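Okay, model_16.cif is below, mmCIF, C-alpha atoms:
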```
data_my_file
loop_
_atom_site.label_atom_id
_atom_site.label_comp_id
_atom_site.auth_asym_id
_atom_site.auth_seq_id
_atom_site.Cartn_x
_atom_site.Cartn_y
_atom_site.Cartn_z
CA MET A 284 -36.71 -1.89 36.57
CA MET A 285 -36.18 -2.69 32.92
CA ASN A 286 -34.07 -5.71 33.60
CA GLU A 287 -36.37 -7.33 36.15
CA TYR A 288 -36.19 -10.51 34.15
CA ASN A 289 -32.78 -10.59 32.60
CA VAL A 290 -34.58 -11.45 29.39
CA ALA A 291 -33.12 -8.96 26.95
CA PRO A 292 -35.60 -9.37 24.06
CA LEU A 293 -38.51 -8.84 26.46
CA SER A 294 -36.88 -5.79 28.08
CA ARG A 295 -36.29 -4.29 24.65
CA LEU A 296 -39.92 -4.80 23.65
CA ILE A 297 -41.23 -3.29 26.90
CA GLU A 298 -38.89 -0.35 26.41
CA GLN A 299 -40.26 0.27 22.91
CA PHE A 300 -43.81 0.44 24.25
CA GLU A 301 -42.80 2.62 27.20
CA ARG A 302 -41.50 5.28 24.83
CA MET A 303 -44.93 5.72 23.27
CA PRO A 304 -47.03 8.73 24.29
CA GLY A 305 -49.35 8.05 27.24
CA ILE A 306 -47.99 4.54 27.83
CA GLY A 307 -46.59 3.93 31.33
CA HIS A 308 -44.59 0.99 32.64
CA LYS A 309 -47.58 -1.20 33.57
CA THR A 310 -49.30 -0.66 30.24
CA ALA A 311 -46.04 -1.34 28.40
CA LEU A 312 -45.79 -4.65 30.26
CA ARG A 313 -49.37 -5.53 29.37
CA LEU A 314 -48.80 -4.75 25.69
CA ALA A 315 -45.52 -6.70 25.58
CA TYR A 316 -47.26 -9.74 27.06
CA TYR A 317 -50.02 -9.37 24.54
CA ILE A 318 -47.41 -9.55 21.78
CA LEU A 319 -45.77 -12.62 23.32
CA ARG A 320 -49.09 -14.42 23.46
CA LEU A 321 -49.99 -13.75 19.83
CA PRO A 322 -49.71 -16.64 17.37
CA HIS A 323 -46.39 -16.30 15.56
CA MET A 324 -47.95 -15.20 12.25
CA GLU A 325 -49.91 -12.43 13.94
CA ALA A 326 -46.85 -11.09 15.73
CA GLN A 327 -45.10 -11.07 12.36
CA ASN A 328 -48.04 -9.20 10.84
CA PHE A 329 -47.78 -6.59 13.58
CA ALA A 330 -44.07 -6.07 12.94
CA ASN A 331 -44.76 -5.89 9.19
CA ALA A 332 -47.54 -3.33 9.69
CA ILE A 333 -45.05 -1.03 11.42
CA THR A 334 -42.41 -1.45 8.73
CA GLU A 335 -44.92 -1.14 5.90
CA ALA A 336 -46.60 1.96 7.31
CA HIS A 337 -43.24 3.59 7.81
CA THR A 338 -41.97 2.70 4.36
CA LYS A 339 -45.05 3.37 2.27
CA ILE A 340 -46.72 6.35 3.94
CA LYS A 341 -45.54 9.79 2.90
CA TYR A 342 -46.93 13.30 2.51
CA CYS A 343 -49.30 14.01 -0.39
CA SER A 344 -47.38 16.20 -2.86
CA VAL A 345 -50.37 18.56 -2.99
CA CYS A 346 -51.92 18.85 0.50
CA CYS A 347 -49.22 17.29 2.75
CA ASN A 348 -51.75 14.86 4.24
CA LEU A 349 -50.58 11.28 4.81
CA THR A 350 -50.94 8.96 1.83
CA ASP A 351 -49.37 5.94 0.17
CA LYS A 352 -49.74 7.50 -3.29
CA ASP A 353 -48.07 10.54 -4.82
CA VAL A 354 -51.34 12.50 -4.68
CA CYS A 355 -53.79 11.50 -1.92
CA SER A 356 -57.32 10.20 -2.54
CA VAL A 357 -58.86 13.52 -1.46
CA CYS A 358 -56.74 15.68 -3.79
CA SER A 359 -57.31 13.30 -6.71
CA ASP A 360 -61.10 13.13 -6.19
CA GLU A 361 -62.67 14.86 -9.20
CA ARG A 362 -66.05 15.20 -7.46
CA ARG A 363 -64.64 17.50 -4.76
CA ASP A 364 -64.61 21.27 -5.01
CA HIS A 365 -61.01 22.10 -5.95
CA SER A 366 -61.47 25.84 -5.39
CA LEU A 367 -61.85 25.54 -1.60
CA VAL A 368 -59.04 24.55 0.82
CA CYS A 369 -59.36 23.89 4.54
CA VAL A 370 -56.10 24.38 6.50
CA VAL A 371 -55.64 22.09 9.51
CA GLU A 372 -52.81 21.36 11.94
CA ASP A 373 -52.84 17.57 11.87
CA PRO A 374 -53.95 14.62 9.69
CA ARG A 375 -56.34 13.65 12.50
CA ASP A 376 -58.17 16.95 11.99
CA VAL A 377 -58.80 15.89 8.39
CA MET A 378 -60.33 12.67 9.74
CA ALA A 379 -62.56 14.64 12.13
CA LEU A 380 -63.79 16.92 9.34
CA GLU A 381 -64.33 13.98 6.96
CA ARG A 382 -66.53 12.33 9.59
CA THR A 383 -68.97 15.28 9.35
CA HIS A 384 -69.73 14.24 5.71
CA GLU A 385 -70.42 17.98 5.18
CA TYR A 386 -67.17 19.08 3.65
CA LYS A 387 -66.58 18.11 0.02
CA ALA A 388 -63.51 20.12 -0.89
CA LEU A 389 -59.74 20.00 -0.27
CA TYR A 390 -57.40 20.24 2.73
CA HIS A 391 -53.94 21.45 3.56
CA VAL A 392 -52.13 19.87 6.50
CA LEU A 393 -49.58 22.08 8.28
CA HIS A 394 -48.21 19.32 10.55
CA GLY A 395 -47.95 21.65 13.53
CA THR A 396 -48.45 25.25 14.61
CA ILE A 397 -46.08 28.17 14.86
CA SER A 398 -44.86 28.12 18.45
CA PRO A 399 -41.89 30.31 19.38
CA VAL A 400 -41.99 28.88 22.94
CA ASN A 401 -41.37 25.38 21.56
CA GLY A 402 -38.95 26.62 18.93
CA VAL A 403 -41.32 26.02 16.00
CA THR A 404 -40.83 28.74 13.39
CA PRO A 405 -43.09 29.29 10.34
CA ASP A 406 -40.63 27.54 8.00
CA MET A 407 -40.87 24.35 10.11
CA ILE A 408 -44.53 23.71 9.23
CA HIS A 409 -45.96 23.32 5.71
CA ILE A 410 -46.93 26.93 5.00
CA LYS A 411 -44.64 27.31 1.98
CA GLU A 412 -46.38 24.39 0.24
CA LEU A 413 -49.76 26.05 0.87
CA LEU A 414 -48.62 29.35 -0.68
CA GLU A 415 -47.20 27.50 -3.72
CA ARG A 416 -50.56 25.80 -4.16
CA LEU A 417 -52.47 29.08 -3.94
CA LYS A 418 -50.24 30.67 -6.56
CA SER A 419 -50.61 27.92 -9.14
CA ASP A 420 -54.07 26.41 -8.52
CA ASP A 421 -57.42 28.10 -8.99
CA ILE A 422 -58.45 28.53 -5.35
CA ARG A 423 -61.11 31.06 -4.31
CA GLU A 424 -61.31 30.48 -0.55
CA VAL A 425 -59.13 29.19 2.29
CA ILE A 426 -60.81 28.10 5.54
CA MET A 427 -58.53 28.30 8.56
CA ALA A 428 -59.34 25.34 10.84
CA THR A 429 -56.41 25.42 13.24
CA ASN A 430 -57.22 24.64 16.87
CA PRO A 431 -59.02 27.39 18.82
CA ASN A 432 -56.12 28.01 21.21
CA VAL A 433 -53.36 30.62 21.38
CA GLU A 434 -50.98 28.86 19.00
CA GLY A 435 -53.69 27.82 16.57
CA GLU A 436 -55.03 31.38 16.44
CA ALA A 437 -51.58 32.91 15.97
CA THR A 438 -50.82 30.47 13.16
CA ALA A 439 -54.15 31.24 11.46
CA MET A 440 -53.46 34.99 11.71
CA TYR A 441 -49.92 34.59 10.36
CA ILE A 442 -51.08 32.56 7.36
CA SER A 443 -54.08 34.74 6.57
CA LYS A 444 -51.80 37.79 6.33
CA LEU A 445 -49.72 35.96 3.73
CA ILE A 446 -52.77 34.84 1.73
CA LYS A 447 -54.77 38.06 1.61
CA PRO A 448 -52.36 39.86 -0.78
CA LEU A 449 -53.04 37.04 -3.27
CA GLY A 450 -56.67 38.21 -3.48
CA ILE A 451 -58.01 34.95 -2.02
CA LYS A 452 -60.82 34.96 0.55
CA VAL A 453 -59.74 33.69 3.99
CA THR A 454 -62.33 32.46 6.51
CA ARG A 455 -62.20 30.91 9.99
CA LEU A 456 -64.31 28.11 11.52
CA ALA A 457 -67.18 29.64 13.53
CA TYR A 458 -66.81 29.79 17.30
CA GLY A 459 -69.72 28.76 19.45
CA VAL A 460 -71.13 26.39 22.01
CA PRO A 461 -70.46 22.75 21.11
CA ALA A 462 -73.51 20.78 19.95
CA GLY A 463 -74.79 18.48 22.68
CA GLY A 464 -72.91 20.51 25.26
CA ASP A 465 -74.19 22.36 28.27
CA ILE A 466 -74.28 26.15 28.29
CA GLU A 467 -73.88 26.00 32.05
CA TYR A 468 -70.47 24.42 31.63
CA ALA A 469 -69.26 26.43 28.64
CA ASP A 470 -66.32 28.71 29.44
CA GLU A 471 -66.64 32.49 29.29
CA VAL A 472 -64.59 32.96 26.14
CA THR A 473 -66.62 30.40 24.20
CA LEU A 474 -69.91 31.90 25.38
CA ALA A 475 -68.83 35.46 24.59
CA ARG A 476 -67.85 34.36 21.08
CA ALA A 477 -71.09 32.40 20.63
CA LEU A 478 -72.99 35.57 21.57
CA ALA A 479 -70.99 37.75 19.22
CA GLY A 480 -71.50 35.30 16.35
CA ARG A 481 -75.23 34.76 16.93
CA ASN A 482 -77.38 34.09 13.89
CA GLU A 483 -81.01 34.95 13.13
CA ILE A 484 -83.40 31.99 13.25
CA MET B 58 -64.19 4.15 10.57
CA MET B 59 -61.09 2.15 9.69
CA ASN B 60 -60.84 3.48 6.18
CA GLU B 61 -61.26 7.16 6.99
CA TYR B 62 -58.17 7.89 4.99
CA ASN B 63 -58.08 5.32 2.21
CA VAL B 64 -54.46 4.80 3.20
CA ALA B 65 -54.26 1.05 3.57
CA PRO B 66 -50.89 0.77 5.37
CA LEU B 67 -52.05 3.30 7.98
CA SER B 68 -55.41 1.55 8.46
CA ARG B 69 -53.62 -1.76 8.97
CA LEU B 70 -51.30 -0.27 11.59
CA ILE B 71 -54.20 1.38 13.47
CA GLU B 72 -56.06 -1.93 13.37
CA GLN B 73 -53.09 -3.75 14.93
CA PHE B 74 -53.00 -1.31 17.83
CA GLU B 75 -56.77 -1.42 18.27
CA ARG B 76 -56.65 -5.16 18.88
CA MET B 77 -54.42 -4.71 21.93
CA PRO B 78 -55.99 -4.95 25.40
CA GLY B 79 -57.19 -1.60 26.76
CA ILE B 80 -56.41 0.29 23.55
CA GLY B 81 -59.39 2.11 21.99
CA HIS B 82 -59.69 3.77 18.59
CA LYS B 83 -58.33 7.17 19.67
CA THR B 84 -55.33 5.66 21.43
CA ALA B 85 -54.65 3.39 18.45
CA LEU B 86 -54.62 6.47 16.23
CA ARG B 87 -52.23 8.26 18.58
CA LEU B 88 -49.86 5.27 18.66
CA ALA B 89 -49.96 4.83 14.88
CA TYR B 90 -49.05 8.49 14.41
CA TYR B 91 -46.25 8.11 16.90
CA ILE B 92 -44.86 5.28 14.76
CA LEU B 93 -45.15 7.34 11.57
CA ARG B 94 -43.21 10.19 13.14
CA LEU B 95 -40.33 8.02 14.32
CA PRO B 96 -37.06 8.20 12.41
CA HIS B 97 -36.92 5.27 10.01
CA MET B 98 -34.29 3.36 11.98
CA GLU B 99 -36.32 3.60 15.18
CA ALA B 100 -39.47 2.32 13.50
CA GLN B 101 -37.39 -0.56 12.20
CA ASN B 102 -36.07 -1.22 15.71
CA PHE B 103 -39.64 -1.34 17.00
CA ALA B 104 -40.67 -3.88 14.37
CA ASN B 105 -37.53 -5.91 15.09
CA ALA B 106 -38.21 -5.85 18.86
CA ILE B 107 -41.58 -7.49 18.21
CA THR B 108 -40.14 -10.14 15.91
CA GLU B 109 -37.15 -10.79 18.15
CA ALA B 110 -39.22 -11.08 21.35
CA HIS B 111 -41.59 -13.45 19.63
CA THR B 112 -38.85 -15.58 18.13
CA LYS B 113 -36.42 -15.75 21.04
CA ILE B 114 -38.60 -15.82 24.14
CA LYS B 115 -39.83 -19.22 25.29
CA TYR B 116 -40.70 -20.99 28.54
CA CYS B 117 -37.90 -22.01 30.92
CA SER B 118 -37.64 -25.80 30.79
CA VAL B 119 -37.65 -25.90 34.60
CA CYS B 120 -40.06 -23.23 35.92
CA CYS B 121 -42.03 -22.26 32.77
CA ASN B 122 -41.19 -18.58 33.26
CA LEU B 123 -40.34 -16.56 30.16
CA THR B 124 -36.70 -16.66 29.11
CA ASP B 125 -34.46 -16.51 26.06
CA LYS B 126 -32.30 -19.37 27.39
CA ASP B 127 -33.10 -23.04 27.93
CA VAL B 128 -33.04 -22.57 31.72
CA CYS B 129 -33.91 -19.10 33.00
CA SER B 130 -31.58 -16.88 35.03
CA VAL B 131 -33.52 -17.58 38.25
CA CYS B 132 -33.42 -21.37 37.93
CA SER B 133 -29.72 -21.32 37.00
CA ASP B 134 -28.77 -19.00 39.90
CA GLU B 135 -26.65 -21.10 42.29
CA ARG B 136 -27.05 -18.59 45.15
CA ARG B 137 -30.81 -19.15 45.33
CA ASP B 138 -32.44 -21.69 47.61
CA HIS B 139 -33.30 -24.57 45.28
CA SER B 140 -35.40 -26.37 47.89
CA LEU B 141 -38.17 -23.74 47.90
CA VAL B 142 -40.59 -23.09 45.01
CA CYS B 143 -43.15 -20.31 44.76
CA VAL B 144 -46.07 -21.10 42.43
CA VAL B 145 -47.55 -18.10 40.55
CA GLU B 146 -50.13 -17.61 37.83
CA ASP B 147 -48.25 -15.27 35.56
CA PRO B 148 -44.68 -14.12 34.70
CA ARG B 149 -45.64 -10.65 35.92
CA ASP B 150 -46.19 -12.10 39.38
CA VAL B 151 -42.56 -13.26 39.35
CA MET B 152 -41.55 -9.68 38.56
CA ALA B 153 -43.66 -8.37 41.43
CA LEU B 154 -42.12 -10.85 43.89
CA GLU B 155 -38.59 -10.15 42.65
CA ARG B 156 -39.16 -6.46 43.36
CA THR B 157 -39.54 -7.20 47.09
CA HIS B 158 -35.89 -8.38 47.17
CA GLU B 159 -37.07 -10.67 50.00
CA TYR B 160 -37.45 -13.90 48.09
CA LYS B 161 -34.26 -15.74 47.13
CA ALA B 162 -35.56 -19.09 45.93
CA LEU B 163 -37.29 -20.51 42.83
CA TYR B 164 -40.62 -20.06 41.05
CA HIS B 165 -43.07 -22.06 39.03
CA VAL B 166 -45.27 -20.23 36.54
CA LEU B 167 -48.66 -21.85 35.84
CA HIS B 168 -49.64 -19.46 33.02
CA GLY B 169 -53.24 -19.32 34.19
CA THR B 170 -55.66 -20.68 36.77
CA ILE B 171 -58.09 -23.54 36.69
CA SER B 172 -61.38 -21.99 35.62
CA PRO B 173 -64.23 -24.30 34.58
CA VAL B 174 -66.34 -21.22 33.71
CA ASN B 175 -63.77 -20.17 31.10
CA GLY B 176 -63.10 -23.75 30.02
CA VAL B 177 -59.62 -23.89 31.58
CA THR B 178 -59.02 -27.40 32.91
CA PRO B 179 -56.02 -28.43 35.11
CA ASP B 180 -54.19 -29.95 32.14
CA MET B 181 -54.27 -26.58 30.34
CA ILE B 182 -51.97 -24.86 32.84
CA HIS B 183 -48.45 -25.97 33.80
CA ILE B 184 -49.29 -28.18 36.79
CA LYS B 185 -47.84 -31.36 35.29
CA GLU B 186 -44.41 -29.68 34.92
CA LEU B 187 -44.57 -28.66 38.59
CA LEU B 188 -45.30 -32.22 39.73
CA GLU B 189 -42.46 -33.58 37.58
CA ARG B 190 -40.13 -31.06 39.22
CA LEU B 191 -41.24 -32.04 42.71
CA LYS B 192 -40.67 -35.73 42.00
CA SER B 193 -37.15 -35.33 40.65
CA ASP B 194 -35.73 -32.28 42.46
CA ASP B 195 -34.99 -31.94 46.16
CA ILE B 196 -37.76 -29.54 47.14
CA ARG B 197 -38.89 -29.19 50.76
CA GLU B 198 -41.55 -26.48 50.45
CA VAL B 199 -43.96 -25.10 47.86
CA ILE B 200 -45.44 -21.63 48.44
CA MET B 201 -48.78 -21.11 46.66
CA ALA B 202 -48.88 -17.49 45.44
CA THR B 203 -51.85 -17.59 43.10
CA ASN B 204 -54.08 -14.50 43.15
CA PRO B 205 -56.29 -14.12 46.25
CA ASN B 206 -59.55 -14.56 44.37
CA VAL B 207 -61.91 -17.49 43.78
CA GLU B 208 -60.01 -19.03 40.87
CA GLY B 209 -56.60 -18.47 42.41
CA GLU B 210 -57.72 -20.09 45.68
CA ALA B 211 -59.31 -23.04 43.92
CA THR B 212 -56.17 -23.59 41.87
CA ALA B 213 -54.01 -23.43 45.01
CA MET B 214 -56.26 -25.97 46.75
CA TYR B 215 -56.24 -28.28 43.76
CA ILE B 216 -52.45 -28.22 43.48
CA SER B 217 -51.84 -28.56 47.24
CA LYS B 218 -53.92 -31.75 47.27
CA LEU B 219 -51.66 -33.20 44.57
CA ILE B 220 -48.46 -32.16 46.36
CA LYS B 221 -49.20 -33.25 49.92
CA PRO B 222 -48.99 -37.02 49.14
CA LEU B 223 -45.40 -36.37 48.01
CA GLY B 224 -44.53 -35.40 51.60
CA ILE B 225 -43.66 -31.82 50.64
CA LYS B 226 -44.77 -28.89 52.81
CA VAL B 227 -47.28 -26.60 51.07
CA THR B 228 -47.82 -23.02 52.26
CA ARG B 229 -49.92 -20.11 51.10
CA LEU B 230 -49.07 -16.38 50.99
CA ALA B 231 -50.40 -14.71 54.15
CA TYR B 232 -53.41 -12.49 53.89
CA GLY B 233 -51.41 -9.35 53.76
CA VAL B 234 -52.44 -9.23 50.13
CA PRO B 235 -55.79 -7.48 49.76
CA ALA B 236 -58.57 -10.00 49.04
CA GLY B 237 -60.05 -9.70 45.56
CA GLY B 238 -56.94 -7.88 44.38
CA ASP B 239 -54.21 -8.71 41.91
CA ILE B 240 -50.73 -9.84 43.00
CA GLU B 241 -49.25 -8.08 40.02
CA TYR B 242 -50.34 -4.70 41.43
CA ALA B 243 -49.56 -5.27 45.11
CA ASP B 244 -46.89 -2.98 46.58
CA GLU B 245 -43.53 -4.34 47.75
CA VAL B 246 -44.18 -3.99 51.49
CA THR B 247 -47.48 -5.83 51.35
CA LEU B 248 -45.92 -8.60 49.29
CA ALA B 249 -42.90 -8.89 51.59
CA ARG B 250 -45.19 -9.18 54.65
CA ALA B 251 -47.33 -11.73 52.89
CA LEU B 252 -44.21 -13.78 52.21
CA ALA B 253 -42.98 -13.58 55.79
CA GLY B 254 -46.37 -14.54 57.25
CA ARG B 255 -47.09 -17.47 54.95
CA ASN B 256 -49.08 -20.36 56.49
CA GLU B 257 -49.19 -24.07 55.93
CA ILE B 258 -52.30 -25.32 54.10
#
```

Will you turn the file into structure tokens for me?
Amino acid sequence: MMNEYNVAPLSRLIEQFERMPGIGHKTALRLAYYILRLPHMEAQNFANAITEAHTKIKYCSVCCNLTDKDVCSVCSDERRDHSLVCVVEDPRDVMALERTHEYKALYHVLHGTISPVNGVTPDMIHIKELLERLKSDDIREVIMATNPNVEGEATAMYISKLIKPLGIKVTRLAYGVPAGGDIEYADEVTLARALAGRNEI
Amino acid sequence: MMNEYNVAPLSRLIEQFERMPGIGHKTALRLAYYILRLPHMEAQNFANAITEAHTKIKYCSVCCNLTDKDVCSVCSDERRDHSLVCVVEDPRDVMALERTHEYKALYHVLHGTISPVNGVTPDMIHIKELLERLKSDDIREVIMATNPNVEGEATAMYISKLIKPLGIKVTRLAYGVPAGGDIEYADEVTLARALAGRNEI
């Protein structure tokens, strides 16, 4: 299939797109043709964007989020509350929380969850960096915001057991029905937790 | 939205993906993260594949299909019937026809259809190159395989009127291809039947 054309540079480009998550053969073809039709400068800009992103982006030395500086713009923001840290699995979770415009403190990005099934042990995600931070910085509370699934929960439990001896408060994002959602379609576990966590109005 | 992170190289990469056809913001994010997680050499290979494809791939001087040579591998294949030319809209249509393994002759790629609504006039697609070919080469039949929709039909009619005075037989793919559909997505059997049942126009 790959060599339908006998045009090696095109086959190689299609192959690169096909390797991407959620991109099948037809989509890879479409994207490769898009590239071929770009003006030459724009194709060059695309290639440069890949190289540049890969060369310049690294982990923040404090929170492990992605950044092109030594310390990311969140960690170096003096107006944020530096005594509160929200622990997430992925840089995209930081984005999601930033979009709320409600959270004005710091993050810590684990870059994964503990998952014995997939061979991910605690030392393979950035837990050690979090503990180092908690020992040296003046942090009063850690919010666990890992995903509400089995692995996210297990990771949150594992980390909270390591933090508690340090005398730091550990909290968890509230469970409940999603805003704008339909109670009719909420699953049992979510509803049971929403009931248990009910608040007075 | 673009500057959620304040990480310029990442924003630029996401933006490049977002411009691609059928790629929304979430998918662009996913693809950008995929790139960031690649080993450095592989990211470099990706960037090089874009540059290389864009630099090396051009139109075949005979059939206007994409190639990295002066004359493409189809046009330079001695075993093919050089007296029969199949006219298609897009290089992907050549791929689709090649997959039938039924067609062993030549192609001509128009790179579009005549479309007054979209401002595409006959001189903007590769009709002139086809007529030049027909005048100089020894071609006995031209199969019109433009898409079975309004613009494809109109383009086929337009071209057939230009070819007939040259005394060359002009045929059209049989209506085995579903009307209103896309040749690129037709299955092999349908395409093979459409080839076998082609009619003179």

Please identify all residues of chain B having at least one atom at most 7 Å from any atom of chain A, considering only C-alpha atoms, and return them as a PDB file with C-alpha atoms, keeping the file's coordinate frame.
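File selection_7.pdb, as written:
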```pdb
ATOM      1  CA  GLU B  61     -61.260   7.160   6.990  1.00  0.00           C
ATOM      2  CA  ASN B  63     -58.080   5.320   2.210  1.00  0.00           C
ATOM      3  CA  VAL B  64     -54.460   4.800   3.200  1.00  0.00           C
ATOM      4  CA  PRO B  66     -50.890   0.770   5.370  1.00  0.00           C
ATOM      5  CA  LEU B  67     -52.050   3.300   7.980  1.00  0.00           C
ATOM      6  CA  ARG B  69     -53.620  -1.760   8.970  1.00  0.00           C
ATOM      7  CA  LEU B  70     -51.300  -0.270  11.590  1.00  0.00           C
ATOM      8  CA  GLN B  73     -53.090  -3.750  14.930  1.00  0.00           C
ATOM      9  CA  MET B  77     -54.420  -4.710  21.930  1.00  0.00           C
ATOM     10  CA  LEU B  88     -49.860   5.270  18.660  1.00  0.00           C
ATOM     11  CA  TYR B  91     -46.250   8.110  16.900  1.00  0.00           C
ATOM     12  CA  LEU B  93     -45.150   7.340  11.570  1.00  0.00           C
ATOM     13  CA  HIS B  97     -36.920   5.270  10.010  1.00  0.00           C
ATOM     14  CA  ALA B 100     -39.470   2.320  13.500  1.00  0.00           C
ATOM     15  CA  GLN B 101     -37.390  -0.560  12.200  1.00  0.00           C
ATOM     16  CA  PHE B 103     -39.640  -1.340  17.000  1.00  0.00           C
ATOM     17  CA  ALA B 104     -40.670  -3.880  14.370  1.00  0.00           C
ATOM     18  CA  ASN B 105     -37.530  -5.910  15.090  1.00  0.00           C
ATOM     19  CA  ALA B 106     -38.210  -5.850  18.860  1.00  0.00           C
ATOM     20  CA  ILE B 107     -41.580  -7.490  18.210  1.00  0.00           C
ATOM     21  CA  THR B 108     -40.140 -10.140  15.910  1.00  0.00           C
ATOM     22  CA  GLU B 109     -37.150 -10.790  18.150  1.00  0.00           C
ATOM     23  CA  ALA B 110     -39.220 -11.080  21.350  1.00  0.00           C
ATOM     24  CA  HIS B 111     -41.590 -13.450  19.630  1.00  0.00           C
ATOM     25  CA  THR B 124     -36.700 -16.660  29.110  1.00  0.00           C
ATOM     26  CA  ASP B 125     -34.460 -16.510  26.060  1.00  0.00           C
ATOM     27  CA  SER B 130     -31.580 -16.880  35.030  1.00  0.00           C
ATOM     28  CA  MET B 152     -41.550  -9.680  38.560  1.00  0.00           C
TER      29      MET B 152
END
```

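In the superposition of chain B on chain A, with all Cα atoms paired by position, the RMSD stands at 5.5 Å.
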
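Counting all atoms listed in the file, the residue from B:Asp147, B:Asp138, B:Asp195, B:Glu208 that sits nearest to Pro179 (chain B) is B:Glu208.
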
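Shortest separation to Thr404 (chain A) among A:Thr438, A:Asn482, A:Thr383, A:Ser359 occurs at residue A:Thr438, atoms counted being all atoms listed in the file.
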
What's the 9 Å shell around Val460 (chain A), counting all atoms listed in the file, without same-chain residues fewer than 5 positions away, as a list in words?
Asp465, Ile466, Ala469, Thr473, Leu474, Arg476 and Ala477 of chain A

Which distance in Å separates CA of Leu219 (chain B) and CA of Leu188 (chain B), to one decimal?
8.1 Å

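Each of B:Pro235, B:Val207, B:Glu245, B:Glu186 was compared to Pro173 (chain B) using all atoms listed in the file, and B:Val207 turns out to be the nearest.
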
Could you check how far CA of Val119 (chain B) sits from CA of Leu141 (chain B), in Å to one decimal?
13.5 Å

Selection dump of the PyMOL selection byres ((chain B and resi 205) around 6), as JSON, numbers by chain:
{"B": [204, 206, 209, 236, 237]}

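Of note, CA of Val144 (chain B) and CA of Val199 (chain B) are spaced 7.1 Å apart.
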
Evaluated on this file, the PyMOL selection byres ((chain A and resi 450) around 12) picks out some residues - which ones are they, written as a list of chain:residue names?
A:Leu417, A:Lys418, A:Asp421, A:Ile422, A:Arg423, A:Glu424, A:Val425, A:Ser443, A:Lys444, A:Leu445, A:Ile446, A:Lys447, A:Pro448, A:Leu449, A:Ile451, A:Lys452, A:Val453

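Considering only C-alpha atoms, the residue among A:Ala439, A:Asp420, A:Tyr458, A:Cys369 positioned nearest to Gly395 (chain A) is A:Ala439.
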
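With all atoms listed in the file as the atoms that count, the residue of B:Arg229, B:Gly176, B:Leu187, B:Arg137 with the shortest distance to Glu159 (chain B) is B:Arg137.
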
Using the partial input, fill out region 193-202 of chain B with N, CA, C and O atoms; write the result as a PDB file, keeping the file's coordinate frame.
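Written file, selection-v6.pdb:
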```
ATOM      1  N   SER B 193     -38.565 -35.119  40.943  1.00  0.00           N
ATOM      2  CA  SER B 193     -37.150 -35.330  40.650  1.00  0.00           C
ATOM      3  C   SER B 193     -36.233 -34.448  41.491  1.00  0.00           C
ATOM      4  O   SER B 193     -35.193 -34.899  41.952  1.00  0.00           O
ATOM      5  N   ASP B 194     -36.611 -33.189  41.726  1.00  0.00           N
ATOM      6  CA  ASP B 194     -35.730 -32.280  42.460  1.00  0.00           C
ATOM      7  C   ASP B 194     -35.908 -32.435  43.973  1.00  0.00           C
ATOM      8  O   ASP B 194     -36.839 -33.069  44.446  1.00  0.00           O
ATOM      9  N   ASP B 195     -34.976 -31.824  44.702  1.00  0.00           N
ATOM     10  CA  ASP B 195     -34.990 -31.940  46.160  1.00  0.00           C
ATOM     11  C   ASP B 195     -35.689 -30.715  46.762  1.00  0.00           C
ATOM     12  O   ASP B 195     -35.048 -29.819  47.298  1.00  0.00           O
ATOM     13  N   ILE B 196     -36.998 -30.700  46.694  1.00  0.00           N
ATOM     14  CA  ILE B 196     -37.760 -29.540  47.140  1.00  0.00           C
ATOM     15  C   ILE B 196     -38.475 -29.854  48.449  1.00  0.00           C
ATOM     16  O   ILE B 196     -39.140 -30.877  48.577  1.00  0.00           O
ATOM     17  N   ARG B 197     -38.299 -28.937  49.439  1.00  0.00           N
ATOM     18  CA  ARG B 197     -38.890 -29.190  50.760  1.00  0.00           C
ATOM     19  C   ARG B 197     -40.176 -28.410  50.971  1.00  0.00           C
ATOM     20  O   ARG B 197     -41.011 -28.764  51.799  1.00  0.00           O
ATOM     21  N   GLU B 198     -40.346 -27.302  50.240  1.00  0.00           N
ATOM     22  CA  GLU B 198     -41.550 -26.480  50.450  1.00  0.00           C
ATOM     23  C   GLU B 198     -42.015 -25.832  49.164  1.00  0.00           C
ATOM     24  O   GLU B 198     -41.204 -25.375  48.359  1.00  0.00           O
ATOM     25  N   VAL B 199     -43.357 -25.793  48.995  1.00  0.00           N
ATOM     26  CA  VAL B 199     -43.960 -25.100  47.860  1.00  0.00           C
ATOM     27  C   VAL B 199     -44.872 -24.006  48.417  1.00  0.00           C
ATOM     28  O   VAL B 199     -45.760 -24.275  49.220  1.00  0.00           O
ATOM     29  N   ILE B 200     -44.606 -22.756  48.012  1.00  0.00           N
ATOM     30  CA  ILE B 200     -45.440 -21.630  48.440  1.00  0.00           C
ATOM     31  C   ILE B 200     -46.466 -21.350  47.340  1.00  0.00           C
ATOM     32  O   ILE B 200     -46.097 -21.064  46.198  1.00  0.00           O
ATOM     33  N   MET B 201     -47.756 -21.434  47.654  1.00  0.00           N
ATOM     34  CA  MET B 201     -48.780 -21.110  46.660  1.00  0.00           C
ATOM     35  C   MET B 201     -48.988 -19.596  46.672  1.00  0.00           C
ATOM     36  O   MET B 201     -49.380 -19.019  47.688  1.00  0.00           O
ATOM     37  N   ALA B 202     -48.711 -18.937  45.537  1.00  0.00           N
ATOM     38  CA  ALA B 202     -48.880 -17.490  45.440  1.00  0.00           C
ATOM     39  C   ALA B 202     -49.786 -17.139  44.260  1.00  0.00           C
ATOM     40  O   ALA B 202     -49.521 -16.205  43.515  1.00  0.00           O
TER      41      ALA B 202
END
```
